[in-house]
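Shown next: query18.tsv, given as TSV, C-alpha atoms.
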```
chain	number	residue	atom	x	y	z
A	1	MET	CA	-11.59	9.37	0.03
A	2	ILE	CA	-11.47	10.09	3.74
A	3	VAL	CA	-10.39	13.74	3.47
A	4	PHE	CA	-13.18	14.43	0.97
A	5	THR	CA	-15.68	12.79	3.37
A	6	LEU	CA	-14.41	15.03	6.16
A	7	PHE	CA	-15.10	18.18	4.16
A	8	ALA	CA	-18.46	16.81	3.00
A	9	LEU	CA	-19.33	16.49	6.69
A	10	PHE	CA	-18.30	20.10	7.29
A	11	PHE	CA	-20.50	21.16	4.36
A	12	ALA	CA	-23.49	19.19	5.65
A	13	LEU	CA	-23.11	20.77	9.09
A	14	PHE	CA	-22.79	24.18	7.43
A	15	LEU	CA	-26.16	23.68	5.72
A	16	LEU	CA	-27.93	22.27	8.76
A	17	TRP	CA	-26.48	24.37	11.59
A	18	ARG	CA	-27.22	27.94	10.60
A	19	ARG	CA	-26.19	29.59	13.86
A	20	ALA	CA	-22.68	28.13	13.67
A	21	ARG	CA	-22.01	28.68	9.97
A	22	THR	CA	-19.26	31.23	10.50
A	23	ALA	CA	-17.43	29.05	13.01
A	24	LEU	CA	-17.84	25.98	10.78
A	25	ALA	CA	-16.52	27.82	7.73
A	26	ILE	CA	-13.48	29.06	9.65
A	27	SER	CA	-12.87	25.59	11.11
A	28	ALA	CA	-13.14	23.90	7.70
A	29	ALA	CA	-10.77	26.43	6.13
A	30	ALA	CA	-8.28	25.97	8.99
A	31	VAL	CA	-8.35	22.17	8.76
A	32	PHE	CA	-8.00	22.31	4.98
A	33	TRP	CA	-5.01	24.63	5.20
A	34	LEU	CA	-3.32	22.63	7.98
A	35	LEU	CA	-3.68	19.44	5.93
A	36	ALA	CA	-2.76	20.91	2.54
A	37	ALA	CA	0.15	22.97	3.89
A	38	GLY	CA	1.52	19.87	5.59
A	39	TRP	CA	1.32	20.93	9.23
A	40	LEU	CA	-1.42	18.44	10.10
A	41	ALA	CA	-0.61	15.97	7.32
A	42	ASN	CA	2.93	15.53	8.70
A	43	PRO	CA	2.00	14.01	12.08
A	44	LEU	CA	-0.65	11.86	10.41
A	45	LEU	CA	1.87	10.47	7.94
A	46	ASP	CA	4.47	9.98	10.68
A	47	TRP	CA	1.88	8.08	12.70
A	48	ALA	CA	1.07	5.81	9.77
A	49	GLN	CA	4.70	5.10	8.87
A	50	ARG	CA	6.27	5.01	12.34
A	51	GLY	CA	7.29	1.53	13.41
A	52	ALA	CA	7.07	-0.02	9.96
A	53	GLN	CA	9.14	-3.20	10.12
A	54	ASN	CA	11.99	-3.50	7.64
A	55	THR	CA	14.52	-6.30	7.20
A	56	PRO	CA	18.04	-4.84	6.73
A	57	HIS	CA	19.55	-8.17	5.68
A	58	VAL	CA	17.09	-10.29	3.76
A	59	ARG	CA	17.49	-14.05	4.05
A	60	PHE	CA	17.06	-15.97	0.81
A	61	GLY	CA	16.40	-19.70	0.85
A	62	HIS	CA	16.53	-22.48	-1.69
A	63	ASP	CA	12.87	-21.73	-2.53
A	64	THR	CA	12.17	-18.03	-2.00
A	65	VAL	CA	8.84	-16.29	-2.54
A	66	ILE	CA	8.73	-12.50	-2.92
A	67	VAL	CA	5.26	-10.98	-2.52
A	68	MET	CA	4.63	-7.48	-3.85
A	69	LEU	CA	1.40	-5.69	-2.94
A	70	GLY	CA	-0.40	-3.53	-5.47
A	71	THR	CA	-1.19	0.12	-4.90
A	72	GLY	CA	-3.30	1.24	-7.82
A	73	THR	CA	-3.07	2.33	-11.43
A	74	GLU	CA	-3.71	5.62	-13.22
A	75	HIS	CA	-3.95	6.98	-16.75
A	76	ASN	CA	-1.02	9.04	-18.00
A	77	ASP	CA	-1.28	12.08	-20.28
A	78	GLU	CA	-1.64	9.80	-23.30
A	79	GLY	CA	-4.50	7.91	-21.69
A	80	VAL	CA	-2.41	4.78	-21.11
A	81	LEU	CA	-3.04	2.87	-17.90
A	82	VAL	CA	0.20	2.78	-15.88
A	83	PRO	CA	1.29	1.90	-12.31
A	84	LYS	CA	1.07	4.69	-9.75
A	85	PRO	CA	4.43	6.15	-8.59
A	86	ASP	CA	4.54	4.09	-5.38
A	87	ALA	CA	3.88	0.97	-7.44
A	88	LEU	CA	6.82	1.73	-9.73
A	89	ILE	CA	9.10	1.94	-6.69
A	90	ARG	CA	7.74	-1.36	-5.36
A	91	ILE	CA	8.30	-2.94	-8.77
A	92	ALA	CA	11.92	-1.77	-8.84
A	93	LYS	CA	12.51	-3.03	-5.28
A	94	THR	CA	10.95	-6.38	-6.09
A	95	ALA	CA	13.09	-6.78	-9.20
A	96	THR	CA	16.22	-5.95	-7.18
A	97	LEU	CA	15.30	-8.58	-4.58
A	98	TYR	CA	14.60	-11.12	-7.32
A	99	ASP	CA	18.02	-10.49	-8.86
A	100	ALA	CA	19.71	-10.84	-5.46
A	101	CYS	CA	17.78	-14.04	-4.84
A	102	LYS	CA	18.91	-15.53	-8.16
A	103	ARG	CA	22.51	-14.64	-7.34
A	104	SER	CA	22.34	-16.06	-3.80
A	105	ALA	CA	22.87	-19.66	-4.95
A	106	PRO	CA	23.30	-21.43	-8.31
A	107	SER	CA	20.18	-23.54	-7.79
A	108	ALA	CA	18.04	-20.91	-6.06
A	109	GLU	CA	14.33	-20.97	-6.92
A	110	CYS	CA	12.86	-17.46	-6.77
A	111	THR	CA	9.16	-16.75	-7.27
A	112	VAL	CA	7.52	-13.32	-7.43
A	113	ILE	CA	3.83	-13.05	-6.54
A	114	VAL	CA	2.18	-9.76	-7.49
A	115	SER	CA	-1.04	-9.32	-5.53
A	116	GLY	CA	-3.48	-6.72	-6.78
A	117	GLY	CA	-6.97	-6.88	-8.22
A	118	ASN	CA	-8.98	-4.09	-9.79
A	119	PRO	CA	-10.63	-2.03	-7.02
A	120	GLN	CA	-10.57	1.08	-9.24
A	121	ARG	CA	-12.41	-0.76	-12.06
A	122	HIS	CA	-9.88	0.14	-14.70
A	123	GLU	CA	-9.17	-1.83	-17.88
A	124	THR	CA	-6.95	-4.39	-16.16
A	125	SER	CA	-6.02	-5.52	-12.67
A	126	GLU	CA	-3.04	-4.04	-10.88
A	127	ALA	CA	-1.11	-7.31	-11.13
A	128	ASP	CA	-1.69	-7.57	-14.89
A	129	ASN	CA	-0.65	-3.95	-15.33
A	130	TYR	CA	2.55	-4.32	-13.31
A	131	ALA	CA	3.68	-7.59	-14.92
A	132	PRO	CA	5.29	-6.09	-18.08
A	133	TYR	CA	7.38	-3.74	-15.94
A	134	LEU	CA	8.74	-6.66	-13.91
A	135	LEU	CA	9.46	-8.62	-17.08
A	136	ARG	CA	11.41	-5.66	-18.46
A	137	LEU	CA	13.45	-5.68	-15.25
A	138	HIS	CA	14.45	-9.29	-15.98
A	139	VAL	CA	12.00	-11.16	-13.77
A	140	ALA	CA	11.47	-14.40	-15.69
A	141	SER	CA	7.89	-15.03	-16.77
A	142	SER	CA	8.17	-18.59	-15.42
A	143	ASP	CA	8.92	-17.13	-11.97
A	144	LEU	CA	6.05	-14.62	-12.00
A	145	LEU	CA	2.65	-15.38	-10.46
A	146	LEU	CA	-0.22	-12.88	-10.69
A	147	GLU	CA	-2.95	-12.71	-8.06
A	148	THR	CA	-5.62	-10.57	-9.73
A	149	THR	CA	-8.69	-10.75	-7.49
A	150	SER	CA	-7.84	-9.04	-4.18
A	151	LEU	CA	-9.42	-5.64	-3.57
A	152	ASN	CA	-7.73	-4.64	-0.30
A	153	THR	CA	-4.81	-5.51	1.97
A	154	TYR	CA	-6.75	-8.15	3.90
A	155	GLN	CA	-7.62	-9.94	0.65
A	156	ASN	CA	-3.99	-9.61	-0.49
A	157	ALA	CA	-2.97	-11.69	2.51
A	158	GLU	CA	-5.89	-14.09	2.21
A	159	HIS	CA	-5.37	-14.84	-1.48
A	160	VAL	CA	-1.58	-15.08	-1.25
A	161	ALA	CA	-1.98	-17.53	1.64
A	162	ARG	CA	-4.24	-19.62	-0.59
A	163	ILE	CA	-1.58	-19.69	-3.32
A	164	LEU	CA	1.16	-20.63	-0.86
A	165	ARG	CA	-0.77	-23.57	0.60
A	166	GLY	CA	0.22	-25.70	-2.37
A	167	LYS	CA	3.74	-24.36	-2.74
A	168	HIS	CA	6.96	-25.34	-0.98
A	169	TYR	CA	9.10	-22.40	0.16
A	170	ASP	CA	11.66	-21.74	2.86
A	171	SER	CA	11.86	-17.95	2.66
A	172	LEU	CA	9.00	-15.46	2.34
A	173	ILE	CA	9.49	-11.74	1.66
A	174	LEU	CA	6.85	-8.99	1.62
A	175	VAL	CA	7.41	-5.77	-0.35
A	176	THR	CA	5.26	-2.70	0.19
A	177	SER	CA	5.49	0.96	1.21
A	178	ALA	CA	6.17	2.06	4.79
A	179	TYR	CA	2.66	3.41	5.35
A	180	GLN	CA	1.07	0.03	4.47
A	181	MET	CA	3.59	-2.32	6.07
A	182	GLN	CA	2.13	-2.49	9.59
A	183	ARG	CA	-1.37	-3.30	8.36
A	184	ALA	CA	-0.02	-5.77	5.80
A	185	MET	CA	1.96	-7.63	8.47
A	186	LEU	CA	-1.14	-7.82	10.68
A	187	ASP	CA	-3.15	-9.29	7.82
A	188	PHE	CA	-0.48	-11.78	6.76
A	189	ASP	CA	-0.08	-12.90	10.37
A	190	ARG	CA	-3.85	-13.45	10.49
A	191	PHE	CA	-3.41	-16.11	7.80
A	192	GLY	CA	-0.44	-17.77	9.45
A	193	LEU	CA	2.27	-16.11	7.34
A	194	ALA	CA	5.39	-14.46	8.77
A	195	PRO	CA	7.17	-12.77	5.85
A	196	GLN	CA	10.36	-10.76	6.07
A	197	PRO	CA	9.14	-7.16	5.62
A	198	VAL	CA	10.98	-5.04	3.05
A	199	VAL	CA	9.96	-1.37	2.81
A	200	SER	CA	10.14	-0.08	-0.75
A	201	ASN	CA	9.66	3.60	0.07
A	202	ALA	CA	8.35	6.13	2.58
A	203	ARG	CA	6.25	9.16	1.73
A	204	LYS	CA	7.13	12.72	2.77
A	205	ASN	CA	5.19	15.96	3.06
A	206	ARG	CA	6.34	19.47	2.20
A	207	THR	CA	5.36	21.93	4.89
A	208	GLY	CA	4.97	25.63	4.25
A	209	VAL	CA	2.38	28.31	3.62
A	210	ILE	CA	1.19	27.18	0.19
A	211	PRO	CA	-1.39	24.35	0.15
A	212	ARG	CA	-0.27	21.32	-1.86
A	213	LEU	CA	-2.40	18.54	-3.32
A	214	ALA	CA	0.32	15.99	-2.52
A	215	ASN	CA	-0.05	16.76	1.19
A	216	LEU	CA	-3.79	16.10	1.02
A	217	VAL	CA	-3.11	12.81	-0.78
A	218	ASN	CA	-0.62	11.81	1.92
A	219	ALA	CA	-3.05	12.75	4.68
A	220	ASN	CA	-5.73	10.61	3.06
A	221	ILE	CA	-3.35	7.65	2.75
A	222	ALA	CA	-2.29	8.03	6.39
A	223	LEU	CA	-5.88	8.19	7.66
A	224	HIS	CA	-6.80	5.16	5.54
A	225	GLU	CA	-3.99	3.10	7.06
A	226	VAL	CA	-4.52	4.21	10.66
A	227	ILE	CA	-8.27	3.55	10.43
A	228	GLY	CA	-7.56	0.23	8.70
A	229	ARG	CA	-5.30	-0.92	11.55
A	230	ALA	CA	-7.88	0.10	14.14
A	231	GLN	CA	-10.58	-1.73	12.17
A	232	PHE	CA	-8.42	-4.88	12.10
A	233	HIS	CA	-8.08	-4.95	15.89
A	234	VAL	CA	-11.80	-4.26	16.41
A	235	TYR	CA	-12.81	-7.00	13.97
A	236	ARG	CA	-10.38	-9.45	15.58
A	237	ALA	CA	-11.80	-8.65	19.02
A	238	LEU	CA	-15.31	-9.28	17.68
A	239	GLY	CA	-14.21	-12.52	16.02
A	240	TRP	CA	-14.98	-11.31	12.49
A	241	PHE	CA	-11.39	-11.77	11.25
```
For the structure just supplied, provide its representation as structure tokens.
Amino acid sequence: MIVFTLFALFFALFLLWRRARTALAISAAAVFWLLAAGWLANPLLDWAQRGAQNTPHVRFGHDTVIVMLGTGTEHNDEGVLVPKPDALIRIAKTATLYDACKRSAPSAECTVIVSGGNPQRHETSEADNYAPYLLRLHVASSDLLLETTSLNTYQNAEHVARILRGKHYDSLILVTSAYQMQRAMLDFDRFGLAPQPVVSNARKNRTGVIPRLANLVNANIALHEVIGRAQFHVYRALGWF
């Protein structure tokens, strides 16, 4: 967690730099409040989500593939592993697109690929966890493909590209949240794929005086995406991607 690492750095400096402990403590408290109260988290989130491509009028083909990216799982109050809130929104958006695809033509072939491994090391992969929710939203099991090995956005693109090499399609759609869309499109382009981007949701902060955990979570997500995009360009320049 990037925000946690930031405060761990402040703490390490606090222990090592005795003469500046007061200034470091004040600085850490100020940064924490600005992030948690939303005042610093807001521009970070805007930066991450600004410019996210979105297709207002999706084009369906005779053979359409809809790719949904995973975004984690969590245990509910009963201890059951469930999709995270952003994942539930992506699932609903994907099911809506699937339904529209099926209605676009009598003979339309519509395939949903859910890409998400198990980076959190929970009981099941993200794709396996999301599948029952898509089935309940009337995505046919015969039209559902699960990619269960990817651990990050780059691997999402890499492994989906591998699946698509042996599949005929004339329309490709990518579903994810606004904060991830720019990095996802960079990664998919790296593997020769040009999907129609469909944003499922955008995150928002609540600014005020009271610190909120949700603002810290959003700040962490934003930093993760911004750093991830910068990393992509550096790695491409070095020839590693």
Quick one: distance from atom CA of Gly166 of chain A to atom CA of Asp63 of chain A in Å, one decimal?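 Interatomic distance here is 13.3 Å.
Going from atom CA of Pro85 of chain A over to atom CA of Gly72 of chain A, you cover 9.2 Å.
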Calculated over all atoms listed in the file, which of the candidates A:Ala140, A:Ala100, A:Phe241, A:Ala157 has the smallest distance to His57 of chain A?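 Closest residue, counting all atoms listed in the file: A:Ala100.
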Closest of A:Val160, A:Ala214, A:Ile91, A:Ala28 to Asp189 of chain A, counting only C-alpha atoms, is A:Val160
Taking 2 positions as the minimum chain separation for residues in the same chain, which residues sit within 6 Å of Val114 of chain A when counting only C-alpha atoms? Answer as a VMD selection string. chain A and resid 67 to 68 127 146 to 147
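Candidate residues A:Tyr154, A:Phe60, A:Tyr235, A:Tyr130 were compared for distance to Lys84 of chain A, and the nearest is A:Tyr130, using all atoms listed in the file.
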Min atom-atom distance to Ala87 of chain A from the set A:Leu172, A:Ala131, A:Val65, A:Leu40, counting only C-alpha atoms, belongs to A:Ala131
Closest to Asn156 of chain A among A:Gln180, A:Asn205, A:Ser141, A:Asn129, using all atoms listed in the file?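 The closest residue to Asn156 of chain A is A:Gln180.
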Atom CA of Trp240 of chain A to atom CA of Asn152 of chain A, distance in Å rounded to a single decimal: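 Rounded to one decimal, the two atoms are 16.1 Å apart.
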May I have the residues at most 12 Å from (4.4, -16.5, 8.4) in the file's coordinates, counting all atoms listed in the file, as an mmCIF file with C-alpha atoms, keeping the file's coordinate frame?
```cif
data_model
loop_
_atom_site.group_PDB
_atom_site.id
_atom_site.type_symbol
_atom_site.label_atom_id
_atom_site.label_comp_id
_atom_site.auth_asym_id
_atom_site.auth_seq_id
_atom_site.Cartn_x
_atom_site.Cartn_y
_atom_site.Cartn_z
ATOM 1 C CA VAL A 65 8.840 -16.290 -2.540
ATOM 2 C CA ALA A 157 -2.970 -11.690 2.510
ATOM 3 C CA VAL A 160 -1.580 -15.080 -1.250
ATOM 4 C CA ALA A 161 -1.980 -17.530 1.640
ATOM 5 C CA LEU A 164 1.160 -20.630 -0.860
ATOM 6 C CA ARG A 165 -0.770 -23.570 0.600
ATOM 7 C CA TYR A 169 9.100 -22.400 0.160
ATOM 8 C CA ASP A 170 11.660 -21.740 2.860
ATOM 9 C CA SER A 171 11.860 -17.950 2.660
ATOM 10 C CA LEU A 172 9.000 -15.460 2.340
ATOM 11 C CA ILE A 173 9.490 -11.740 1.660
ATOM 12 C CA LEU A 174 6.850 -8.990 1.620
ATOM 13 C CA ALA A 184 -0.020 -5.770 5.800
ATOM 14 C CA MET A 185 1.960 -7.630 8.470
ATOM 15 C CA LEU A 186 -1.140 -7.820 10.680
ATOM 16 C CA ASP A 187 -3.150 -9.290 7.820
ATOM 17 C CA PHE A 188 -0.480 -11.780 6.760
ATOM 18 C CA ASP A 189 -0.080 -12.900 10.370
ATOM 19 C CA ARG A 190 -3.850 -13.450 10.490
ATOM 20 C CA PHE A 191 -3.410 -16.110 7.800
ATOM 21 C CA GLY A 192 -0.440 -17.770 9.450
ATOM 22 C CA LEU A 193 2.270 -16.110 7.340
ATOM 23 C CA ALA A 194 5.390 -14.460 8.770
ATOM 24 C CA PRO A 195 7.170 -12.770 5.850
ATOM 25 C CA GLN A 196 10.360 -10.760 6.070
ATOM 26 C CA PRO A 197 9.140 -7.160 5.620
#
```
A:Arg183, A:Asn218, A:Ser104, A:Gly61: which is nearest His168 of chain A, counting all atoms listed in the file?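 Distance minimum relative to His168 of chain A lands on A:Gly61.
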When you look at Leu151 of chain A with a cut-off of 7 Å (counting all atoms listed in the file), what residues show up, excluding the ones that are within fewer than 2 positions of it in the same chain? I need them as a PyMOL selection string. chain A and resi 116-119+149+155
